[in-house]
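Content type compact mmCIF, C-alpha atoms, from the file my_file31.txt:
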# COMPACT_ATOMS: atom_id res chain seq x y z
CA MET U 24 -27.89 119.59 21.14
CA ALA U 25 -24.38 118.18 21.05
CA PRO U 26 -24.11 114.60 19.76
CA ASP U 27 -23.09 113.16 23.14
CA LEU U 28 -26.05 114.81 24.84
CA ALA U 29 -28.34 113.50 22.09
CA ALA U 30 -27.02 110.00 22.72
CA ALA U 31 -27.51 110.32 26.46
CA ALA U 32 -31.07 111.55 25.99
CA ALA U 33 -32.12 108.80 23.57
CA PRO U 34 -34.49 106.29 25.14
CA GLY U 35 -33.26 102.75 25.72
CA TRP U 36 -35.52 101.18 23.10
CA GLN U 37 -33.63 103.07 20.40
CA GLN U 38 -30.45 101.38 21.56
CA ASP U 39 -32.36 98.07 21.64
CA VAL U 40 -33.11 98.38 17.91
CA PHE U 41 -29.43 98.54 17.09
CA ASP U 42 -28.44 95.85 19.59
CA VAL U 43 -30.98 93.37 18.21
CA LEU U 44 -29.88 94.02 14.61
CA LYS U 45 -26.26 93.59 15.60
CA ALA U 46 -27.00 90.36 17.46
CA ALA U 47 -28.90 89.10 14.39
CA GLN U 48 -25.67 89.48 12.40
CA VAL U 49 -27.00 92.30 10.27
CA LYS U 50 -24.16 93.60 8.11
CA HIS U 51 -26.08 96.23 6.13
CA VAL U 52 -28.26 98.98 7.58
CA VAL U 53 -30.03 100.93 4.85
CA TYR U 54 -32.31 103.81 5.67
CA VAL U 55 -34.22 106.94 4.94
CA PRO U 56 -33.69 108.91 8.15
CA ASP U 57 -36.27 109.44 10.85
CA ALA U 58 -35.77 110.95 14.31
CA GLY U 59 -36.95 107.69 15.89
CA HIS U 60 -34.14 105.82 14.12
CA SER U 61 -31.44 108.36 14.92
CA THR U 62 -29.65 106.21 17.50
CA ALA U 63 -29.61 103.07 15.34
CA ILE U 64 -28.43 105.11 12.35
CA ARG U 65 -25.66 106.79 14.36
CA LEU U 66 -24.45 103.48 15.81
CA ALA U 67 -24.63 101.71 12.46
CA GLU U 68 -22.71 104.48 10.73
CA ALA U 69 -20.03 104.28 13.43
CA ASP U 70 -19.72 100.47 13.31
CA PRO U 71 -16.92 99.32 10.99
CA SER U 72 -18.49 95.87 10.61
CA ILE U 73 -21.75 97.34 9.26
CA THR U 74 -22.22 98.94 5.85
CA SER U 75 -24.65 101.85 6.23
CA VAL U 76 -26.38 103.26 3.19
CA VAL U 77 -28.57 106.35 3.13
CA LEU U 78 -31.24 106.07 0.43
CA THR U 79 -33.08 108.67 -1.60
CA THR U 80 -36.34 106.69 -1.35
CA GLU U 81 -37.26 103.65 0.69
CA GLU U 82 -37.81 101.12 -2.11
CA GLU U 83 -34.12 101.40 -2.99
CA GLY U 84 -33.53 99.49 0.23
CA ILE U 85 -35.50 96.45 -0.94
CA GLY U 86 -33.36 96.07 -4.05
CA TYR U 87 -30.22 96.69 -2.02
CA LEU U 88 -31.04 94.04 0.58
CA ALA U 89 -31.95 91.53 -2.14
CA GLY U 90 -28.51 92.10 -3.64
CA ALA U 91 -26.72 91.83 -0.30
CA TRP U 92 -28.53 88.54 0.37
CA LEU U 93 -27.59 87.22 -3.08
CA GLY U 94 -24.05 87.98 -1.95
CA GLY U 95 -24.59 86.09 1.31
CA GLU U 96 -25.14 88.91 3.82
CA ARG U 97 -27.98 90.07 6.05
CA GLY U 98 -29.39 93.57 6.30
CA ALA U 99 -32.25 95.67 7.59
CA LEU U 100 -34.24 98.61 6.23
CA LEU U 101 -35.12 101.49 8.55
CA MET U 102 -37.77 103.97 7.52
CA GLN U 103 -40.79 106.03 8.50
CA SER U 104 -44.33 104.84 7.80
CA SER U 105 -44.66 107.25 4.88
CA GLY U 106 -41.90 105.28 3.17
CA VAL U 107 -43.93 102.08 3.29
CA GLY U 108 -46.12 103.57 0.59
CA ASN U 109 -43.06 104.04 -1.60
CA CYS U 110 -42.15 100.37 -1.21
CA ILE U 111 -45.37 98.67 -2.28
CA ASN U 112 -44.62 97.62 -5.87
CA THR U 113 -41.02 96.78 -5.07
CA LEU U 114 -42.15 94.31 -2.39
CA ALA U 115 -42.85 91.96 -5.32
CA LEU U 116 -39.12 91.37 -5.40
CA GLN U 117 -39.32 89.80 -1.94
CA ALA U 118 -42.55 87.93 -2.65
CA CYS U 119 -41.12 86.31 -5.78
CA THR U 120 -37.61 85.51 -4.53
CA ARG U 121 -38.28 84.92 -0.81
CA PHE U 122 -35.18 86.65 0.47
CA PRO U 123 -35.11 87.73 4.15
CA LEU U 124 -36.44 91.29 4.38
CA LEU U 125 -36.40 92.89 7.82
CA MET U 126 -37.92 96.36 8.13
CA VAL U 127 -38.19 98.67 11.13
CA VAL U 128 -40.83 101.36 10.65
CA THR U 129 -41.35 104.42 12.82
CA MET U 130 -44.99 105.47 12.73
CA ARG U 131 -46.55 108.81 11.86
CA GLY U 132 -50.26 109.55 11.56
CA ASP U 133 -50.79 106.98 14.28
CA TRP U 134 -51.38 108.69 17.62
CA ALA U 135 -51.20 112.33 18.76
CA GLU U 136 -50.24 113.39 15.24
CA PHE U 137 -50.11 117.16 14.78
CA ASN U 138 -49.74 117.06 10.98
CA GLN U 139 -52.86 115.44 9.54
CA TRP U 140 -51.14 115.09 6.15
CA GLN U 141 -49.35 112.14 7.74
CA ASN U 142 -52.60 110.39 8.61
CA PRO U 143 -53.61 108.77 5.30
CA MET U 144 -50.42 106.76 4.90
CA GLY U 145 -49.93 106.26 8.63
CA GLN U 146 -53.39 104.73 8.99
CA ALA U 147 -52.83 102.50 5.95
CA THR U 148 -49.29 101.39 6.77
CA GLU U 149 -49.90 98.08 8.52
CA ALA U 150 -52.76 97.04 6.21
CA ALA U 151 -50.70 97.91 3.14
CA LEU U 152 -47.78 95.81 4.35
CA ARG U 153 -50.08 92.88 5.06
CA LEU U 154 -51.74 93.19 1.66
CA MET U 155 -48.28 92.67 0.17
CA GLY U 156 -47.58 89.62 2.31
CA VAL U 157 -45.39 91.24 4.94
CA LEU U 158 -45.64 89.93 8.52
CA THR U 159 -46.13 92.79 10.98
CA TRP U 160 -45.82 93.51 14.70
CA ARG U 161 -46.49 96.74 16.61
CA ALA U 162 -44.54 98.07 19.56
CA ASP U 163 -46.15 100.81 21.65
CA ASP U 164 -44.31 99.98 24.87
CA PRO U 165 -40.50 100.28 25.20
CA LYS U 166 -40.16 96.81 26.71
CA ASP U 167 -41.73 95.22 23.60
CA VAL U 168 -39.24 96.59 21.09
CA ALA U 169 -36.39 94.13 21.65
CA PRO U 170 -38.45 90.91 21.82
CA LEU U 171 -40.65 91.83 18.86
CA LEU U 172 -37.69 92.80 16.70
CA ARG U 173 -35.76 89.70 17.74
CA GLY U 174 -38.71 87.52 16.76
CA ALA U 175 -39.12 89.34 13.46
CA ALA U 176 -35.43 88.87 12.69
CA THR U 177 -35.75 85.14 13.37
CA MET U 178 -38.71 84.80 11.01
CA ALA U 179 -37.01 86.90 8.34
CA PHE U 180 -33.58 85.29 8.37
CA ASP U 181 -34.56 81.72 9.29
CA GLY U 182 -37.79 81.66 7.30
CA ASP U 183 -36.99 83.83 4.26
CA ALA U 184 -39.95 86.07 5.12
CA ALA U 185 -40.67 89.78 4.81
CA CYS U 186 -41.10 91.11 8.36
CA ALA U 187 -41.83 94.60 9.65
CA VAL U 188 -41.83 95.91 13.20
CA LEU U 189 -43.85 99.10 13.54
CA LEU U 190 -42.73 101.48 16.27
CA GLY U 191 -45.85 103.38 17.35
CA GLN U 192 -46.08 107.07 18.12
CA ARG U 193 -47.01 106.27 21.72
CA LEU U 194 -43.57 104.68 21.99
CA ILE U 195 -41.75 107.44 20.14
CA GLY U 196 -43.52 110.26 21.97
CA GLU U 197 -45.37 113.33 20.80
CA LYS U 198 -43.46 115.51 18.40
CA GLU U 199 -42.99 119.06 19.62
CA TRP U 200 -44.15 121.38 16.89
CA LEU U 201 -44.28 124.72 18.67
CA LYS U 202 -41.06 125.43 20.50
CA MET N 11 -28.48 114.86 -27.17
CA ILE N 12 -28.63 111.52 -28.93
CA ALA N 13 -31.93 109.60 -29.00
CA GLY N 14 -30.92 105.97 -28.84
CA GLY N 15 -28.37 104.76 -31.35
CA THR N 16 -27.53 102.13 -33.91
CA LEU N 17 -25.82 99.31 -32.02
CA ASP N 18 -27.19 95.77 -31.98
CA ARG N 19 -28.03 95.22 -28.30
CA ARG N 20 -27.48 91.47 -28.47
CA ALA N 21 -24.02 91.91 -29.99
CA VAL N 22 -23.13 94.50 -27.33
CA VAL N 23 -24.25 92.28 -24.44
CA ALA N 24 -22.61 89.16 -25.92
CA GLY N 25 -19.39 91.16 -26.21
CA LEU N 26 -19.59 92.32 -22.59
CA LEU N 27 -20.19 88.75 -21.39
CA ARG N 28 -17.41 87.12 -23.39
CA ASP N 29 -15.00 85.07 -21.20
CA ARG N 30 -16.93 86.28 -18.18
CA GLY N 31 -14.86 84.49 -15.54
CA ASP N 32 -16.11 85.38 -12.06
CA LEU N 33 -18.39 88.18 -13.26
CA LEU N 34 -21.78 88.46 -11.51
CA VAL N 35 -24.63 90.00 -13.53
CA ILE N 36 -27.91 91.65 -12.51
CA THR N 37 -30.42 92.47 -15.23
CA GLY N 38 -33.21 95.03 -15.36
CA LEU N 39 -36.66 93.79 -16.33
CA GLY N 40 -37.58 93.56 -19.99
CA SER N 41 -35.19 93.44 -22.91
CA PRO N 42 -31.92 93.64 -20.93
CA SER N 43 -32.91 90.37 -19.22
CA TYR N 44 -33.57 88.82 -22.64
CA ASP N 45 -30.25 90.12 -23.99
CA VAL N 46 -28.28 88.55 -21.14
CA MET N 47 -30.26 85.31 -21.43
CA ALA N 48 -29.63 85.22 -25.19
CA ALA N 49 -25.89 85.31 -24.47
CA GLY N 50 -26.30 82.14 -22.37
CA ASP N 51 -27.94 81.37 -19.03
CA HIS N 52 -25.48 81.30 -16.13
CA ASP N 53 -25.56 80.62 -12.39
CA GLY N 54 -24.01 84.06 -11.84
CA ASN N 55 -26.97 85.84 -13.47
CA PHE N 56 -29.87 87.29 -11.50
CA TYR N 57 -32.75 88.43 -13.69
CA LEU N 58 -35.40 90.87 -12.49
CA TRP N 59 -38.93 90.38 -13.80
CA ALA N 60 -40.54 93.16 -11.72
CA ALA N 61 -39.58 95.81 -9.15
CA MET N 62 -38.85 98.27 -11.96
CA GLY N 63 -36.06 100.65 -11.02
CA SER N 64 -34.36 98.19 -8.66
CA ALA N 65 -31.67 96.57 -10.81
CA ALA N 66 -28.91 99.05 -9.98
CA MET N 67 -29.66 98.83 -6.25
CA VAL N 68 -29.54 95.03 -6.34
CA GLY N 69 -26.14 95.49 -7.97
CA LEU N 70 -25.02 97.86 -5.22
CA GLY N 71 -26.01 95.49 -2.43
CA LEU N 72 -24.31 92.60 -4.19
CA ALA N 73 -21.15 94.58 -4.95
CA LEU N 74 -20.78 95.63 -1.30
CA ALA N 75 -21.44 92.09 -0.03
CA GLN N 76 -19.01 90.55 -2.58
CA PRO N 77 -16.24 93.15 -2.87
CA SER N 78 -13.81 90.77 -4.57
CA ARG N 79 -16.11 89.91 -7.48
CA PRO N 80 -16.86 92.16 -10.46
CA VAL N 81 -20.58 93.01 -10.60
CA MET N 82 -22.27 94.32 -13.75
CA VAL N 83 -25.81 95.65 -13.90
CA VAL N 84 -27.31 95.52 -17.39
CA THR N 85 -30.45 97.57 -17.67
CA GLY N 86 -32.37 99.88 -19.97
CA ASP N 87 -32.93 103.62 -20.01
CA GLY N 88 -36.59 103.20 -19.00
CA GLU N 89 -35.81 100.92 -16.06
CA GLN N 90 -33.08 103.22 -14.78
CA LEU N 91 -35.35 106.25 -15.06
CA MET N 92 -37.58 104.66 -12.41
CA GLY N 93 -34.51 104.27 -10.20
CA PHE N 94 -33.14 107.74 -10.87
CA GLY N 95 -32.38 108.49 -7.22
CA ALA N 96 -30.59 105.17 -6.90
CA LEU N 97 -27.80 106.57 -9.04
CA ALA N 98 -27.19 109.22 -6.37
CA THR N 99 -27.17 106.56 -3.64
CA ILE N 100 -24.69 104.46 -5.64
CA ALA N 101 -22.40 107.39 -6.47
CA LEU N 102 -21.99 108.09 -2.73
CA ARG N 103 -20.91 104.51 -1.99
CA ALA N 104 -18.83 104.08 -5.16
CA PRO N 105 -17.79 100.43 -4.88
CA ARG N 106 -14.84 99.74 -7.19
CA ASN N 107 -16.29 96.45 -8.39
CA LEU N 108 -19.62 97.80 -9.68
CA SER N 109 -20.38 98.67 -13.29
CA ILE N 110 -23.74 99.91 -14.49
CA VAL N 111 -24.46 99.48 -18.18
CA ILE N 112 -27.51 101.33 -19.48
CA LEU N 113 -28.66 100.06 -22.85
CA ASP N 114 -30.19 103.28 -24.15
CA ASN N 115 -32.56 103.05 -27.09
CA GLY N 116 -34.43 106.19 -26.04
CA HIS N 117 -37.68 104.27 -25.73
CA PHE N 118 -39.83 102.15 -23.46
CA GLY N 119 -39.35 99.09 -25.63
CA GLU N 120 -41.47 96.59 -23.74
CA THR N 121 -44.65 98.65 -23.86
CA GLY N 122 -44.83 99.75 -27.49
CA MET N 123 -41.73 101.87 -28.10
CA GLN N 124 -43.00 105.07 -26.57
CA PRO N 125 -40.17 107.65 -26.50
CA SER N 126 -38.55 107.82 -23.06
CA HIS N 127 -37.01 110.80 -21.29
CA ALA N 128 -33.67 109.59 -22.63
CA GLY N 129 -35.12 109.76 -26.12
CA GLN N 130 -36.36 113.29 -25.56
CA GLY N 131 -33.33 115.08 -24.20
CA LEU N 132 -32.14 113.43 -20.99
CA GLU N 133 -28.56 112.14 -21.36
CA PHE N 134 -27.70 109.58 -18.67
CA SER N 135 -23.96 109.99 -19.15
CA ARG N 136 -24.22 113.67 -18.18
CA VAL N 137 -26.46 112.81 -15.24
CA ALA N 138 -23.90 110.29 -13.99
CA GLU N 139 -21.09 112.80 -14.33
CA ALA N 140 -23.08 115.47 -12.51
CA ILE N 141 -23.82 113.26 -9.51
CA GLY N 142 -20.25 112.11 -9.12
CA PHE N 143 -19.71 108.80 -10.91
CA PRO N 144 -15.90 108.61 -11.07
CA LYS N 145 -15.92 107.03 -14.53
CA VAL N 146 -18.54 107.46 -17.24
CA ASP N 147 -18.50 106.07 -20.77
CA LEU N 148 -20.68 106.89 -23.73
CA VAL N 149 -20.48 103.98 -26.16
CA MET N 150 -21.66 104.76 -29.69
CA GLY N 151 -19.79 102.10 -31.67
CA MET N 152 -18.88 98.43 -31.28
CA GLN N 153 -15.24 99.40 -30.83
CA GLY N 154 -16.24 100.70 -27.39
CA VAL N 155 -17.47 97.32 -26.14
CA ALA N 156 -14.12 95.56 -25.56
CA PRO N 157 -12.67 98.45 -23.49
CA LEU N 158 -15.88 98.55 -21.45
CA ARG N 159 -15.66 94.80 -20.82
CA GLN N 160 -12.08 95.33 -19.65
CA ARG N 161 -13.20 98.07 -17.28
CA VAL N 162 -15.91 95.83 -15.82
CA HIS N 163 -13.34 93.16 -14.97
CA ALA N 164 -10.66 95.57 -13.76
CA CYS N 165 -12.65 96.58 -10.64
CA GLU N 166 -10.68 99.81 -10.43
CA SER N 167 -13.59 102.20 -10.07
CA LEU N 168 -17.34 102.48 -9.94
CA ASN N 169 -18.36 103.17 -13.50
CA LEU N 170 -21.43 103.76 -15.60
CA ALA N 171 -21.69 103.27 -19.34
CA VAL N 172 -24.46 104.45 -21.61
CA VAL N 173 -24.57 102.28 -24.72
CA LYS N 174 -26.58 103.75 -27.57
CA ILE N 175 -28.49 100.86 -29.10
CA ALA N 176 -31.04 100.63 -31.90
CA ALA N 177 -34.72 100.83 -30.94
CA GLU N 178 -35.93 97.41 -32.02
CA ASN N 179 -37.76 94.51 -30.42
CA LEU N 180 -35.79 91.33 -31.01
CA PRO N 181 -37.12 87.80 -30.49
CA ARG N 182 -37.40 87.25 -26.75
CA ALA N 183 -35.00 84.93 -24.96
CA LEU N 184 -36.88 84.31 -21.74
CA PRO N 185 -34.87 83.72 -18.56
CA PRO N 186 -36.32 81.53 -15.79
CA ARG N 187 -39.15 83.31 -13.95
CA ASP N 188 -38.92 81.26 -10.76
CA GLY N 189 -37.23 83.85 -8.56
CA VAL N 190 -36.54 81.43 -5.70
CA TYR N 191 -34.76 79.07 -8.10
CA VAL N 192 -32.65 81.85 -9.61
CA LYS N 193 -31.84 83.23 -6.15
CA ASN N 194 -30.80 79.86 -4.74
CA ARG N 195 -28.81 78.97 -7.83
CA PHE N 196 -26.95 82.28 -7.61
CA ARG N 197 -26.23 81.93 -3.89
CA MET N 198 -25.11 78.32 -4.22
CA ALA N 199 -22.67 79.36 -6.95
CA LEU N 200 -21.17 81.71 -4.34
CA GLY N 201 -20.97 78.90 -1.78
CA HIS N 202 -24.11 79.74 0.23
CA ALA N 203 -26.69 77.14 1.17
CA PRO N 204 -30.41 77.65 0.55
CA ALA N 205 -32.46 78.24 3.70
What is this structure when it is put down as structure tokens?
Amino acid sequence: MAPDLAAAAAPGWQQDVFDVLKAAQVKHVVYVPDAGHSTAIRLAEADPSITSVVLTTEEEGIGYLAGAWLGGERGALLMQSSGVGNCINTLALQACTRFPLLMVVTMRGDWAEFNQWQNPMGQATEAALRLMGVLTWRADDPKDVAPLLRGAATMAFDGDAACAVLLGQRLIGEKEWLK
Amino acid sequence: MIAGGTLDRRAVVAGLLRDRGDLLVITGLGSPSYDVMAAGDHDGNFYLWAAMGSAAMVGLGLALAQPSRPVMVVTGDGEQLMGFGALATIALRAPRNLSIVILDNGHFGETGMQPSHAGQGLEFSRVAEAIGFPKVDLVMGMQGVAPLRQRVHACESLNLAVVKIAAENLPRALPPRDGVYVKNRFRMALGHAPA
């Protein structure tokens, strides 16, 4: 699919993710790619006022955003639920320094999952985040994405909290495996 | 391959921090934090006490948010091994104001001096060259410290230096462990208010 067609086909909530981050004055978008984040990643990469950083593993983003905040700037970490597992120990950095950590997590192993190898981490994602002191919200309906993310951004940036919005598979849609 | 080296880590770090001016410093957990603390606590220091593998990424985020200030990450070979992929992420961004200094004693010093990968064949300077760091130094003698300090302040290119230090546990110089205090102190020194 050509890029312009891909953009036209992307659901509105994907645009909402970027628009809310932009309105929250996010200057750094750091990510491990996922199809559900493709619109936000594309728009962030194209925005000259946003520094976009592709990571090799998700916990790199926690250190990065701590550093950006030390330097006075806001950011957000985009990842898939599998990446939450990679972040667990590094979340201590947020717990001990209380810097604003905003995460947007696309779910796998959550609903209508074809690949059961995604289920263990997908089923543990929200509980694991909460065990580490992260505030969480789930969006399964497109209309909930913008308000939930806006509220999470407020509590992260105004309250120095770690906040994650989980984007459910019912929102993202079933992945086509057999084409 | 060189397993560690002979340099006195405290003398190396004190040399790098001499007349530091507007230099901002991030330290990896363990001995590198003690080395930087031993050279004198400073509002422009941020010490990690956990999140092993994160020091270089904190440096990257800071360097990109503060492009006019020199940023130096001081860490150890063991800490950087846990953030191995971070070096690839950093090489892609290549901020001119970021220097990564790996104090390489070839061992996990904090946990009983077990030999590390760097002490058993892995050479970080070659890794950094292979993944595209534009400037890489291998410092084996004290005469290499002053030129490295100059490079850190010059902000002409992303650079990584491997400094071969002696494997020894020196008396600890403990930095503050209150992360919120160190964070706010650092941000206030840059003109930012606490929340």
inquiry  = I need the contact residues of chain U against chain N, so if you could list those with any atom within 12 Å, counting all atoms listed in the file, and return them as a ChimeraX atom specification, that would help.
reply    = /U:49-55,72-99,109-123,178-184
inquiry  = as a ChimeraX atom specification, please: the residues near N:Gly14 (cut-off 9 Å, all atoms listed in the file, same-chain neighbours under 2 positions excluded).
reply    = /N:12,16-17,113-117,128-129,173-177
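Going from atom CA of U:Ala187 to atom CA of U:Ala147 covers 14.0 Å.
The gap separating atom CA of N:Arg19 from atom CA of N:Ser135 is 17.8 Å, in Å to one decimal.
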task = Find the spatial neighbours of N:Leu148, counting only C-alpha atoms, within a cut-off of 12 Å - ignore same-chain residues fewer than 6 positions away - and output them as an MDAnalysis selection string.
result = chainID N and resid 11:12 14:15 110:114 133:139 154:155 157:158 169:175
Produce the centre coordinates and the three edge lengths, each in Å to one decimal, of the box along x, y and z that contains all listed atoms of stretch 110-122 of chain N with 6 Å added on each side, as AutoDock Vina command-line options.
--center_x -34.3 --center_y 101.4 --center_z -21.0 --size_x 33.1 --size_y 21.6 --size_z 25.0
key: Between atom CA of N:Ala21 and atom CA of N:Leu39 - distance in Å to one decimal   =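 That distance, rounded to one decimal, is 18.7 Å.
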inquiry  = Using all atoms listed in the file for the distances, tell me which of U:Met102, U:Ala135, U:Ala185, U:Leu172 is nearest to U:Leu158.
reply    = U:Ala185
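Residues in contact with U:Val43 at up to 10 Å, not including ones fewer than 2 positions away on its chain and judged by only C-alpha atoms, are U:Gln38, U:Asp39, U:Val40, U:Phe41, U:Lys45, U:Ala46, U:Ala47, U:Gln48, U:Val49, U:Val168, U:Ala169, U:Pro170, U:Leu171, U:Leu172, U:Arg173, U:Gly174, U:Ala176.
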request  = May I have the residues at most 12 Å from (-49.9, 102.6, 6.6) in the file's coordinates, counting only C-alpha atoms, as an MDAnalysis selection string?
outcome  = chainID U and resid 103:111 128:133 141:155 159 187 189 191
Could you dump the residues just selected with C-alpha atoms as a short mmCIF file (atom, residue, chain, number, x, y, z; two decimals), in the coordinates of the input?
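Resulting contents of result18.cif:
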data_model
loop_
_atom_site.label_atom_id
_atom_site.label_comp_id
_atom_site.auth_asym_id
_atom_site.auth_seq_id
_atom_site.Cartn_x
_atom_site.Cartn_y
_atom_site.Cartn_z
CA GLN U 103 -40.79 106.03 8.50
CA SER U 104 -44.33 104.84 7.80
CA SER U 105 -44.66 107.25 4.88
CA GLY U 106 -41.90 105.28 3.17
CA VAL U 107 -43.93 102.08 3.29
CA GLY U 108 -46.12 103.57 0.59
CA ASN U 109 -43.06 104.04 -1.60
CA CYS U 110 -42.15 100.37 -1.21
CA ILE U 111 -45.37 98.67 -2.28
CA VAL U 128 -40.83 101.36 10.65
CA THR U 129 -41.35 104.42 12.82
CA MET U 130 -44.99 105.47 12.73
CA ARG U 131 -46.55 108.81 11.86
CA GLY U 132 -50.26 109.55 11.56
CA ASP U 133 -50.79 106.98 14.28
CA GLN U 141 -49.35 112.14 7.74
CA ASN U 142 -52.60 110.39 8.61
CA PRO U 143 -53.61 108.77 5.30
CA MET U 144 -50.42 106.76 4.90
CA GLY U 145 -49.93 106.26 8.63
CA GLN U 146 -53.39 104.73 8.99
CA ALA U 147 -52.83 102.50 5.95
CA THR U 148 -49.29 101.39 6.77
CA GLU U 149 -49.90 98.08 8.52
CA ALA U 150 -52.76 97.04 6.21
CA ALA U 151 -50.70 97.91 3.14
CA LEU U 152 -47.78 95.81 4.35
CA ARG U 153 -50.08 92.88 5.06
CA LEU U 154 -51.74 93.19 1.66
CA MET U 155 -48.28 92.67 0.17
CA THR U 159 -46.13 92.79 10.98
CA ALA U 187 -41.83 94.60 9.65
CA LEU U 189 -43.85 99.10 13.54
CA GLY U 191 -45.85 103.38 17.35
#
query = Between U:Ala33, U:Ile195, U:Leu125, U:Cys186, which one has atoms that come closest to U:Asp164, using only C-alpha atoms?
reply =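 Answer, going by the shortest atom-to-atom distance: U:Ile195.
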